[in-house]
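Engineer: Input entry31.txt, format and content: compact mmCIF, C-alpha atoms and all ligand atoms.
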# COMPACT_ATOMS: atom_id res chain seq x y z
CA MET A 1 -40.59 116.32 102.00
CA PRO A 2 -41.61 114.69 98.75
CA ASP A 3 -38.19 115.31 97.22
CA LYS A 4 -36.58 112.96 99.74
CA TRP A 5 -36.10 109.29 98.98
CA VAL A 6 -35.83 106.25 101.22
CA TYR A 7 -34.73 102.82 100.08
CA VAL A 8 -36.20 99.85 101.96
CA THR A 9 -34.40 96.56 101.38
CA ARG A 10 -37.39 94.25 101.95
CA ASN A 11 -41.15 94.12 102.31
CA ILE A 12 -41.68 95.29 105.89
CA PRO A 13 -44.75 95.51 108.12
CA GLN A 14 -47.24 98.17 107.08
CA PRO A 15 -46.85 100.50 110.12
CA GLY A 16 -43.28 101.20 109.02
CA LEU A 17 -44.09 101.77 105.38
CA ALA A 18 -47.11 103.92 106.24
CA LYS A 19 -44.96 106.18 108.45
CA LEU A 20 -42.41 106.67 105.70
CA ALA A 21 -45.02 107.17 103.00
CA GLU A 22 -46.52 110.10 104.95
CA GLN A 23 -43.40 112.12 104.20
CA PHE A 24 -41.13 110.59 101.61
CA ASN A 25 -40.87 108.74 98.35
CA ILE A 26 -40.10 105.11 98.98
CA GLU A 27 -38.47 102.48 96.85
CA THR A 28 -38.72 98.94 98.20
CA TYR A 29 -37.03 95.73 97.17
CA GLN A 30 -40.34 93.95 96.88
CA SER A 31 -39.57 90.56 98.26
CA ASP A 32 -39.77 88.62 101.50
CA GLU A 33 -36.27 87.31 100.78
CA ALA A 34 -32.99 89.13 101.38
CA ILE A 35 -31.81 91.48 98.68
CA PRO A 36 -28.66 90.18 96.94
CA HIS A 37 -25.67 92.40 97.64
CA ASP A 38 -25.11 93.33 93.98
CA VAL A 39 -28.78 94.27 93.60
CA LEU A 40 -28.51 96.54 96.62
CA VAL A 41 -25.37 98.18 95.22
CA SER A 42 -27.11 98.77 91.86
CA ALA A 43 -30.19 100.13 93.60
CA MET A 44 -28.03 102.58 95.54
CA LYS A 45 -26.36 103.73 92.31
CA GLY A 46 -29.72 104.15 90.61
CA LYS A 47 -31.03 107.02 92.70
CA ARG A 48 -29.77 109.39 95.38
CA TYR A 49 -31.36 108.08 98.56
CA ASP A 50 -31.46 110.09 101.76
CA ALA A 51 -32.06 107.09 104.01
CA LEU A 52 -31.49 103.37 103.76
CA LEU A 53 -33.75 101.11 105.82
CA CYS A 54 -32.09 97.71 105.94
CA MET A 55 -32.33 94.28 107.59
CA LEU A 56 -29.78 92.26 109.53
CA THR A 57 -29.15 90.15 106.42
CA ASP A 58 -27.84 93.11 104.42
CA GLN A 59 -24.11 93.74 104.51
CA ILE A 60 -23.80 97.51 104.55
CA ASP A 61 -20.18 97.81 103.54
CA GLU A 62 -17.94 100.27 101.74
CA GLU A 63 -19.30 99.24 98.35
CA VAL A 64 -22.91 99.95 99.33
CA LEU A 65 -21.98 103.24 100.99
CA ASP A 66 -19.87 104.36 98.02
CA ALA A 67 -22.73 103.52 95.69
CA ALA A 68 -25.18 105.39 97.89
CA GLY A 69 -23.31 108.67 97.66
CA PRO A 70 -22.70 111.58 100.04
CA GLN A 71 -26.34 112.64 100.53
CA LEU A 72 -27.16 109.45 102.48
CA LYS A 73 -27.95 110.53 106.04
CA ILE A 74 -28.77 107.30 107.81
CA VAL A 75 -28.58 103.54 107.73
CA ALA A 76 -31.54 102.44 109.85
CA THR A 77 -31.58 98.73 110.53
CA MET A 78 -34.80 96.95 111.46
CA SER A 79 -32.99 94.92 114.08
CA VAL A 80 -31.28 95.20 117.40
CA GLY A 81 -28.03 93.72 116.11
CA TYR A 82 -25.91 95.92 113.85
CA GLU A 83 -22.81 93.85 113.19
CA HIS A 84 -23.78 93.77 109.49
CA ILE A 85 -23.10 97.50 109.20
CA ASN A 86 -19.60 98.89 108.81
CA LEU A 87 -19.78 101.52 111.54
CA GLN A 88 -16.34 102.88 110.81
CA GLU A 89 -17.12 103.58 107.17
CA CYS A 90 -20.45 105.15 108.14
CA GLY A 91 -18.60 107.31 110.68
CA LYS A 92 -16.10 108.50 108.06
CA ARG A 93 -18.99 109.59 105.84
CA ASN A 94 -21.03 111.18 108.66
CA ILE A 95 -23.83 108.69 108.11
CA LEU A 96 -25.89 107.93 111.20
CA VAL A 97 -26.56 104.32 112.14
CA ALA A 98 -29.63 103.45 114.18
CA ASN A 99 -31.23 100.23 115.36
CA THR A 100 -34.54 99.28 117.00
CA PRO A 101 -33.78 98.54 120.65
CA GLY A 102 -36.44 97.97 123.26
CA VAL A 103 -39.36 96.79 121.16
CA SER A 104 -38.17 93.20 120.79
CA THR A 105 -37.01 92.76 124.37
CA ASP A 106 -40.14 90.91 125.48
CA SER A 107 -40.44 88.73 122.40
CA VAL A 108 -36.79 87.64 122.52
CA ALA A 109 -36.89 87.10 126.28
CA GLU A 110 -40.05 84.97 125.92
CA LEU A 111 -38.43 82.88 123.21
CA THR A 112 -35.24 82.46 125.24
CA ALA A 113 -37.24 81.10 128.16
CA THR A 114 -39.20 78.85 125.77
CA LEU A 115 -36.02 77.48 124.23
CA LEU A 116 -34.46 76.84 127.62
CA LEU A 117 -37.49 74.87 128.75
CA MET A 118 -37.70 72.98 125.46
CA THR A 119 -34.05 72.00 125.67
CA ALA A 120 -34.07 71.13 129.38
CA ARG A 121 -37.18 68.96 129.06
CA ARG A 122 -36.33 67.45 125.65
CA VAL A 123 -39.56 68.72 124.17
CA THR A 124 -38.62 68.36 120.49
CA GLU A 125 -37.53 64.75 121.04
CA GLY A 126 -40.89 64.05 122.65
CA VAL A 127 -42.84 65.67 119.80
CA GLU A 128 -40.79 63.75 117.22
CA ALA A 129 -41.30 60.46 119.08
CA VAL A 130 -45.08 60.90 118.97
CA LYS A 131 -45.02 61.76 115.26
CA LYS A 132 -42.81 58.76 114.45
CA GLY A 133 -45.00 56.32 116.39
CA GLU A 134 -42.25 55.70 118.95
CA TRP A 135 -44.53 56.39 121.93
CA GLY A 136 -44.88 52.96 123.47
CA PRO A 137 -45.95 51.87 126.96
CA TRP A 138 -44.75 54.14 129.81
CA LYS A 139 -41.05 53.77 130.62
CA PRO A 140 -39.37 54.97 133.82
CA MET A 141 -36.29 56.43 132.16
CA TRP A 142 -37.52 57.61 128.79
CA LEU A 143 -36.88 61.22 127.72
CA CYS A 144 -35.75 62.29 131.17
CA GLY A 145 -34.47 65.84 131.17
CA THR A 146 -33.19 68.41 133.65
CA GLU A 147 -35.26 70.36 136.17
CA LEU A 148 -34.70 74.07 136.61
CA THR A 149 -35.60 74.11 140.30
CA GLY A 150 -32.55 74.46 142.53
CA ARG A 151 -30.16 74.86 139.62
CA VAL A 152 -27.84 77.76 138.81
CA LEU A 153 -28.67 80.10 135.96
CA GLY A 154 -26.05 82.13 134.14
CA ILE A 155 -26.68 85.04 131.81
CA TYR A 156 -23.94 86.11 129.45
CA GLY A 157 -24.78 89.72 128.63
CA LEU A 158 -27.13 91.36 131.12
CA GLY A 159 -28.48 94.05 128.84
CA ARG A 160 -32.16 94.72 128.30
CA ILE A 161 -32.83 91.24 126.92
CA GLY A 162 -30.61 89.35 129.37
CA PHE A 163 -32.27 91.09 132.30
CA ASN A 164 -35.73 90.25 131.02
CA VAL A 165 -34.72 86.64 130.50
CA GLY A 166 -33.63 86.56 134.14
CA ARG A 167 -36.90 88.13 135.25
CA ARG A 168 -38.93 85.50 133.44
CA LEU A 169 -36.83 82.55 134.55
CA LYS A 170 -36.35 83.51 138.20
CA PRO A 171 -39.81 82.22 139.29
CA PHE A 172 -38.78 78.72 138.19
CA GLY A 173 -36.80 78.47 141.40
CA PHE A 174 -33.15 78.69 140.44
CA SER A 175 -30.95 78.62 143.53
CA LYS A 176 -28.74 81.38 142.13
CA ILE A 177 -28.43 83.65 139.12
CA TYR A 178 -25.00 84.79 137.94
CA TYR A 179 -24.21 87.13 135.11
CA THR A 180 -21.20 88.24 133.16
CA ASP A 181 -21.04 91.50 131.30
CA VAL A 182 -18.45 94.10 130.45
CA HIS A 183 -19.31 95.79 133.74
CA GLU A 184 -21.61 95.30 136.73
CA VAL A 185 -25.11 96.65 136.18
CA SER A 186 -27.24 98.15 138.91
CA TYR A 187 -30.55 96.50 137.96
CA ALA A 188 -28.98 93.06 138.48
CA LYS A 189 -30.24 93.37 142.05
CA ASP A 190 -33.85 93.32 140.78
CA ILE A 191 -33.34 89.68 139.87
CA ASP A 192 -30.84 89.00 142.64
CA ALA A 193 -28.12 88.27 140.11
CA GLU A 194 -24.47 88.26 141.09
CA PHE A 195 -21.68 89.48 138.84
CA VAL A 196 -18.98 86.91 138.02
CA ASP A 197 -16.20 86.84 135.49
CA PHE A 198 -16.49 84.56 132.48
CA ASP A 199 -14.54 81.75 134.20
CA GLY A 200 -16.93 81.88 137.12
CA LEU A 201 -19.95 81.81 134.84
CA ILE A 202 -18.90 78.74 132.88
CA GLU A 203 -17.74 76.81 135.93
CA LYS A 204 -20.67 77.53 138.27
CA CYS A 205 -23.75 77.48 136.03
CA ASP A 206 -26.09 74.65 135.04
CA PHE A 207 -27.83 76.78 132.41
CA ILE A 208 -26.18 79.59 130.48
CA CYS A 209 -28.19 81.98 128.31
CA VAL A 210 -26.15 83.91 125.77
CA CYS A 211 -27.86 87.28 125.34
CA CYS A 212 -24.99 89.46 124.15
CA ASN A 213 -24.07 91.17 120.89
CA LEU A 214 -21.47 89.77 118.55
CA THR A 215 -18.29 91.83 118.84
CA PRO A 216 -14.61 90.97 118.35
CA GLN A 217 -14.55 90.35 122.14
CA THR A 218 -17.51 87.93 122.23
CA ARG A 219 -16.69 86.05 119.01
CA HIS A 220 -16.24 82.31 119.73
CA MET A 221 -16.14 82.93 123.50
CA PHE A 222 -17.73 79.49 123.81
CA ASN A 223 -15.06 77.24 122.32
CA ALA A 224 -13.57 73.77 122.85
CA GLU A 225 -11.54 74.80 125.88
CA VAL A 226 -14.58 76.45 127.50
CA PHE A 227 -16.86 73.46 126.88
CA LYS A 228 -14.36 71.22 128.69
CA ARG A 229 -14.58 73.50 131.72
CA MET A 230 -18.37 73.74 131.82
CA LYS A 231 -20.42 71.36 133.97
CA LYS A 232 -21.21 68.06 132.26
CA GLY A 233 -24.89 68.61 132.93
CA ALA A 234 -24.82 72.16 131.54
CA ILE A 235 -27.27 73.44 128.96
CA LEU A 236 -26.27 76.34 126.73
CA ILE A 237 -28.91 78.60 125.18
CA ASN A 238 -28.10 81.19 122.52
CA THR A 239 -30.51 83.87 121.35
CA GLY A 240 -27.80 86.52 120.91
CA ARG A 241 -25.69 85.86 117.83
CA GLY A 242 -24.41 82.58 116.41
CA GLY A 243 -20.83 83.80 116.18
CA VAL A 244 -20.48 83.86 119.98
CA ILE A 245 -20.27 80.06 119.86
CA ASP A 246 -17.74 77.99 117.92
CA HIS A 247 -20.18 75.56 116.30
CA GLU A 248 -17.60 72.91 115.47
CA ALA A 249 -16.53 72.84 119.10
CA LEU A 250 -20.17 72.78 120.23
CA THR A 251 -20.87 69.78 118.00
CA GLU A 252 -17.96 67.92 119.59
CA ALA A 253 -18.96 68.96 123.11
CA LEU A 254 -22.53 67.70 122.60
CA ARG A 255 -21.31 64.47 121.04
CA ASN A 256 -18.71 63.81 123.78
CA GLY A 257 -21.01 64.75 126.62
CA ASP A 258 -18.84 67.68 127.72
CA ILE A 259 -22.17 69.48 128.10
CA THR A 260 -25.68 68.02 128.09
CA GLY A 261 -27.61 70.14 125.63
CA ALA A 262 -27.86 73.29 123.59
CA GLY A 263 -30.75 75.41 122.38
CA LEU A 264 -29.93 77.78 119.55
CA ASP A 265 -32.09 80.42 117.94
CA VAL A 266 -29.07 81.93 116.21
CA THR A 267 -26.35 80.00 114.42
CA GLU A 268 -23.24 80.42 112.33
CA PRO A 269 -23.94 80.41 109.44
CA GLU A 270 -27.57 81.40 109.02
CA PRO A 271 -29.49 79.65 107.71
CA LEU A 272 -27.81 76.56 109.12
CA PRO A 273 -27.88 73.94 106.37
CA PRO A 274 -29.92 70.81 107.24
CA THR A 275 -26.75 68.77 106.61
CA HIS A 276 -24.89 70.54 109.43
CA PRO A 277 -23.95 67.96 112.09
CA LEU A 278 -25.65 69.97 114.85
CA VAL A 279 -29.03 69.54 113.14
CA SER A 280 -29.07 65.78 113.61
CA LEU A 281 -27.96 65.82 117.25
CA PRO A 282 -30.91 64.99 119.51
CA ASN A 283 -29.53 67.14 122.32
CA CYS A 284 -29.46 70.27 120.20
CA VAL A 285 -32.68 72.22 119.66
CA ILE A 286 -32.37 74.62 116.76
CA LEU A 287 -34.85 77.34 115.85
CA PRO A 288 -34.62 79.50 112.70
CA HIS A 289 -33.71 82.86 114.29
CA MET A 290 -37.27 83.67 115.36
CA GLY A 291 -36.67 85.47 118.65
CA SER A 292 -38.51 88.65 117.70
CA ASN A 293 -41.09 86.99 115.45
CA THR A 294 -44.24 88.40 116.98
CA TRP A 295 -46.49 90.89 115.20
CA ASP A 296 -46.15 93.18 118.21
CA SER A 297 -42.37 93.32 117.88
CA ARG A 298 -42.10 93.32 114.12
CA ASN A 299 -44.68 96.07 113.62
CA ALA A 300 -42.95 98.17 116.26
CA MET A 301 -39.50 97.47 114.78
CA ALA A 302 -40.64 98.59 111.33
CA GLU A 303 -42.17 101.71 112.81
CA ILE A 304 -39.07 102.64 114.78
CA ALA A 305 -36.77 102.05 111.82
CA ALA A 306 -39.05 104.33 109.79
CA LYS A 307 -39.04 106.97 112.54
CA ASN A 308 -35.26 106.79 112.64
CA CYS A 309 -35.16 107.58 108.91
CA ILE A 310 -37.59 110.45 109.37
CA ALA A 311 -35.58 111.89 112.27
CA ALA A 312 -32.29 111.77 110.39
CA ILE A 313 -33.71 113.32 107.24
CA SER A 314 -35.26 116.04 109.39
CA ASP A 315 -31.90 116.68 111.06
CA GLN A 316 -33.10 115.31 114.39
CA THR A 317 -31.57 112.59 116.55
CA PRO A 318 -32.96 109.12 115.88
CA GLU A 319 -34.20 107.04 118.80
CA GLY A 320 -31.91 104.05 118.45
CA ILE A 321 -28.70 105.79 117.58
CA VAL A 322 -25.75 103.40 117.45
CA ALA A 323 -23.10 105.56 115.83
CA ALA A 324 -22.73 109.03 114.41
O1 LIG A 401 -31.75 89.25 115.90
C1 LIG A 401 -32.56 90.11 115.83
C2 LIG A 401 -32.25 91.49 115.95
O2 LIG A 401 -31.08 91.86 115.97
O3 LIG A 401 -33.20 92.29 116.01
Translate the structure described by the file into structure tokens.

Structural biologist:
Amino acid sequence: MPDKWVYVTRNIPQPGLAKLAEQFNIETYQSDEAIPHDVLVSAMKGKRYDALLCMLTDQIDEEVLDAAGPQLKIVATMSVGYEHINLQECGKRNILVANTPGVSTDSVAELTATLLLMTARRVTEGVEAVKKGEWGPWKPMWLCGTELTGRVLGIYGLGRIGFNVGRRLKPFGFSKIYYTDVHEVSYAKDIDAEFVDFDGLIEKCDFICVCCNLTPQTRHMFNAEVFKRMKKGAILINTGRGGVIDHEALTEALRNGDITGAGLDVTEPEPLPPTHPLVSLPNCVILPHMGSNTWDSRNAMAEIAAKNCIAAISDQTPEGIVAA
């Protein structure tokens, strides 16, 4: 369908571009950086695109959709999260929204387990100490962290990723795994995880992994009041979305010792400025939102986003449909 046009908001891995190029004309914002919002709006006004392949950094709001015009069939995001897309406005205009679920499950679960271990065992502090020449003669109480064995693991959001985090962490010997979700899920039994409400999760668990989406319900669920009720030795890991945690409250909780540590791959805002107080706290390990940064995942994500565009333009149902 050479008369069909797709706009891609960033340079993306070749498998995605190649798939699109087989069938359509493509216009790409040729950069590794996010497209500024006004540039995206102008691009949408410039040509009548049939599909928009976007990233999680692109706000797909009324202005973009108005500029795009009524022929736009799909907003296909190369991400699992889709909180950057105004679903309601897409719905009103009959524009499909699709994401790329499934193909980043393993990469994000691997990174979540990595971050938990790094935070529990104070790995970044150790690395820094060696670099700074602070590694002196052996000391009995230097850089002592928390063991996983015998402790209680909590998973907030037992979807595909949360479940795979549990699967990877279970062999470390946790005495119990609890999870909280909107409802009980049957595959929880595969990791022997027990459903608890949010109060139960925060009060019982030594480690909590946040693996949920950001929604109005999950926004700032972890706040000052919650940190006071968590165990003092607790370690909080977030690879879901930054907005689930109130970062000001987290800073205070880590400073006051309300909880012991935090490992964050997602923050609010992103990027987190180096001057943010959390960055200088030794008990907070921060990674630059790199959960799905493997070639395996990123190539597959680009390919699925492309396939979603192809499906919508061909009047078929995309794989990762989020909203019609
Ligand atoms: O955060 C990453 C994603 O949503 O894919």

Engineer: Ligand LIG 401 (chain A): which residues are within 7 Å, counting all atoms listed in the file? Reply as a list in words.

Structural biologist: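 Result of the 7 Å neighbour search around ligand LIG 401 (chain A): Leu56, Met78, Ser79, Val80, Gly81, Tyr82, Ser104, Gly240, His289, Gly291 and Ser292 of chain A.
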
Engineer: Skip stretch 2-17 of chain A itself and residues of its chain fewer than 3 positions away, then list as a CSV table (one decimal) with C-alpha atoms, in the frame of the given file all residues within 7 Å of it, counting all atoms listed in the file.

Structural biologist:
chain,number,residue,atom,x,y,z
A,20,LEU,CA,-42.4,106.7,105.7
A,21,ALA,CA,-45.0,107.2,103.0
A,23,GLN,CA,-43.4,112.1,104.2
A,24,PHE,CA,-41.1,110.6,101.6
A,25,ASN,CA,-40.9,108.7,98.4
A,26,ILE,CA,-40.1,105.1,99.0
A,27,GLU,CA,-38.5,102.5,96.8
A,28,THR,CA,-38.7,98.9,98.2
A,29,TYR,CA,-37.0,95.7,97.2
A,30,GLN,CA,-40.3,94.0,96.9
A,31,SER,CA,-39.6,90.6,98.3
A,32,ASP,CA,-39.8,88.6,101.5
A,34,ALA,CA,-33.0,89.1,101.4
A,35,ILE,CA,-31.8,91.5,98.7
A,49,TYR,CA,-31.4,108.1,98.6
A,50,ASP,CA,-31.5,110.1,101.8
A,51,ALA,CA,-32.1,107.1,104.0
A,52,LEU,CA,-31.5,103.4,103.8
A,53,LEU,CA,-33.8,101.1,105.8
A,54,CYS,CA,-32.1,97.7,105.9
A,55,MET,CA,-32.3,94.3,107.6
A,298,ARG,CA,-42.1,93.3,114.1
A,299,ASN,CA,-44.7,96.1,113.6
A,302,ALA,CA,-40.6,98.6,111.3
A,303,GLU,CA,-42.2,101.7,112.8
A,306,ALA,CA,-39.0,104.3,109.8

Engineer: Of the candidates A:Val103, A:Val210, A:Ala193, A:Ala253, which one gets nearest to A:Tyr178 if we count all atoms listed in the file?

Structural biologist: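 Of A:Val103, A:Val210, A:Ala193, A:Ala253, the one nearest A:Tyr178 is A:Ala193, counting all atoms listed in the file.
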
Engineer: With distances taken over all atoms listed in the file, which of A:Lys139, A:Thr112, A:His247, A:Ala188 is nearest to A:Leu287?

Structural biologist: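 The shortest atom-to-atom distance to A:Leu287 comes from A:Thr112.
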
Engineer: Go ahead and compute the interatomic distance for atom CA of A:Ala312 and atom CA of A:Arg241, in Å to one decimal.

Structural biologist: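 Separation between atom CA of A:Ala312 and atom CA of A:Arg241: 27.8 Å.
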
Engineer: With a cut-off of 9 Å, could you pull out the residues of stretch 130-221 of chain A touching stretch 229-237 of chain A and give me the nearest pair of atoms for each, distance in Å to one decimal, using all atoms listed in the file, ordered by chain and ascending number, as JSON lines?

Structural biologist:
{"residue": "A:Thr146", "atom": "CA", "partner": "A:Gly233", "partner_atom": "CA", "distance": 8.3}
{"residue": "A:Asp199", "atom": "CA", "partner": "A:Arg229", "partner_atom": "CA", "distance": 8.6}
{"residue": "A:Leu201", "atom": "CA", "partner": "A:Met230", "partner_atom": "CA", "distance": 8.8}
{"residue": "A:Ile202", "atom": "CA", "partner": "A:Met230", "partner_atom": "CA", "distance": 5.1}
{"residue": "A:Glu203", "atom": "CA", "partner": "A:Met230", "partner_atom": "CA", "distance": 5.2}
{"residue": "A:Lys204", "atom": "CA", "partner": "A:Lys231", "partner_atom": "CA", "distance": 7.5}
{"residue": "A:Cys205", "atom": "CA", "partner": "A:Ala234", "partner_atom": "CA", "distance": 7.0}
{"residue": "A:Asp206", "atom": "CA", "partner": "A:Ala234", "partner_atom": "CA", "distance": 4.5}
{"residue": "A:Phe207", "atom": "CA", "partner": "A:Ile235", "partner_atom": "CA", "distance": 4.8}
{"residue": "A:Ile208", "atom": "CA", "partner": "A:Leu236", "partner_atom": "CA", "distance": 5.0}
{"residue": "A:Cys209", "atom": "CA", "partner": "A:Ile237", "partner_atom": "CA", "distance": 4.7}
{"residue": "A:Val210", "atom": "CA", "partner": "A:Ile237", "partner_atom": "CA", "distance": 6.0}
{"residue": "A:Cys211", "atom": "CA", "partner": "A:Ile237", "partner_atom": "CA", "distance": 8.7}

Engineer: For a test of reading the model, state the distance in Å between atom CA of A:Gly261 and atom CA of A:Arg121, rounded to one decimal.

Structural biologist: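 Result for atom CA of A:Gly261 versus atom CA of A:Arg121: 10.2 Å, one decimal.
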
Engineer: Of the candidates A:Leu214, A:Ala109, A:Leu158, A:Met141, which one gets nearest to A:Val196 if we count only C-alpha atoms?

Structural biologist: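 Between A:Leu214, A:Ala109, A:Leu158, A:Met141, the residue approaching A:Val196 most closely is A:Leu158.
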
Engineer: Nearest residue to A:Thr239 out of A:Thr105, A:Asn283, A:Ser42, A:Thr294, using all atoms listed in the file?

Structural biologist: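 Among the listed residues, the smallest separation from A:Thr239 belongs to A:Thr105.
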
Engineer: Please report the interatomic distance between atom CA of A:Phe198 and atom CA of A:Val152 in Å with one decimal.

Structural biologist: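 Spanning atom CA of A:Phe198 to atom CA of A:Val152 is a straight-line distance of 14.7 Å.
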
Engineer: Which one of A:Leu72, A:Leu148, A:Ala98, A:Ala43 sits closest to A:Glu319 if you count only C-alpha atoms?

Structural biologist: A:Ala98

Engineer: Please provide as JSON, numbers by chain all residues within 10 Å of A:His276, with the sequence filter that same-chain residues fewer than 4 positions apart are discarded (counting only C-alpha atoms).

Structural biologist: {"A": [247, 248, 251, 269, 272, 280, 281]}

Engineer: Could you check the closest approach to A:Lys176 for each of A:Met290, A:Leu153, A:Ile60, A:Met44 and tell me which residue wins, using all atoms listed in the file?

Structural biologist: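 Checking each of A:Met290, A:Leu153, A:Ile60, A:Met44 against A:Lys176, counting all atoms listed in the file, the winner is A:Leu153.
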
Engineer: Just the residues within 9 Å of A:Pro70, please, counting all atoms listed in the file, with nothing from its chain fewer than 2 positions along; format it as a ChimeraX atom specification.

Structural biologist: /A:48,65-66,68,72-73,93-95

Engineer: Put the listed atoms of stretch 120-139 of chain A in a box along x, y and z with 6 Å added on every side and give me the centre and edge lengths in Å to one decimal, as lines of an AutoDock Vina configuration file.

Structural biologist:
center_x = -40.0
center_y = 61.5
center_z = 122.5
size_x = 23.9
size_y = 31.3
size_z = 28.2

Engineer: Tell me which protein, DNA and RNA residues are within 8 Å of A:Gly91, counting only C-alpha atoms, leaving out same-chain ones fewer than 4 positions away, and put them as a PDB file with C-alpha atoms, in the frame of the given file.

Structural biologist:
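Output below, filename result19.pdb:
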ATOM      1  CA  LEU A  87     -19.780 101.520 111.540  1.00  0.00           C
ATOM      2  CA  ILE A  95     -23.830 108.690 108.110  1.00  0.00           C
ATOM      3  CA  LEU A  96     -25.890 107.930 111.200  1.00  0.00           C
ATOM      4  CA  ALA A 323     -23.100 105.560 115.830  1.00  0.00           C
ATOM      5  CA  ALA A 324     -22.730 109.030 114.410  1.00  0.00           C
TER       6      ALA A 324
END
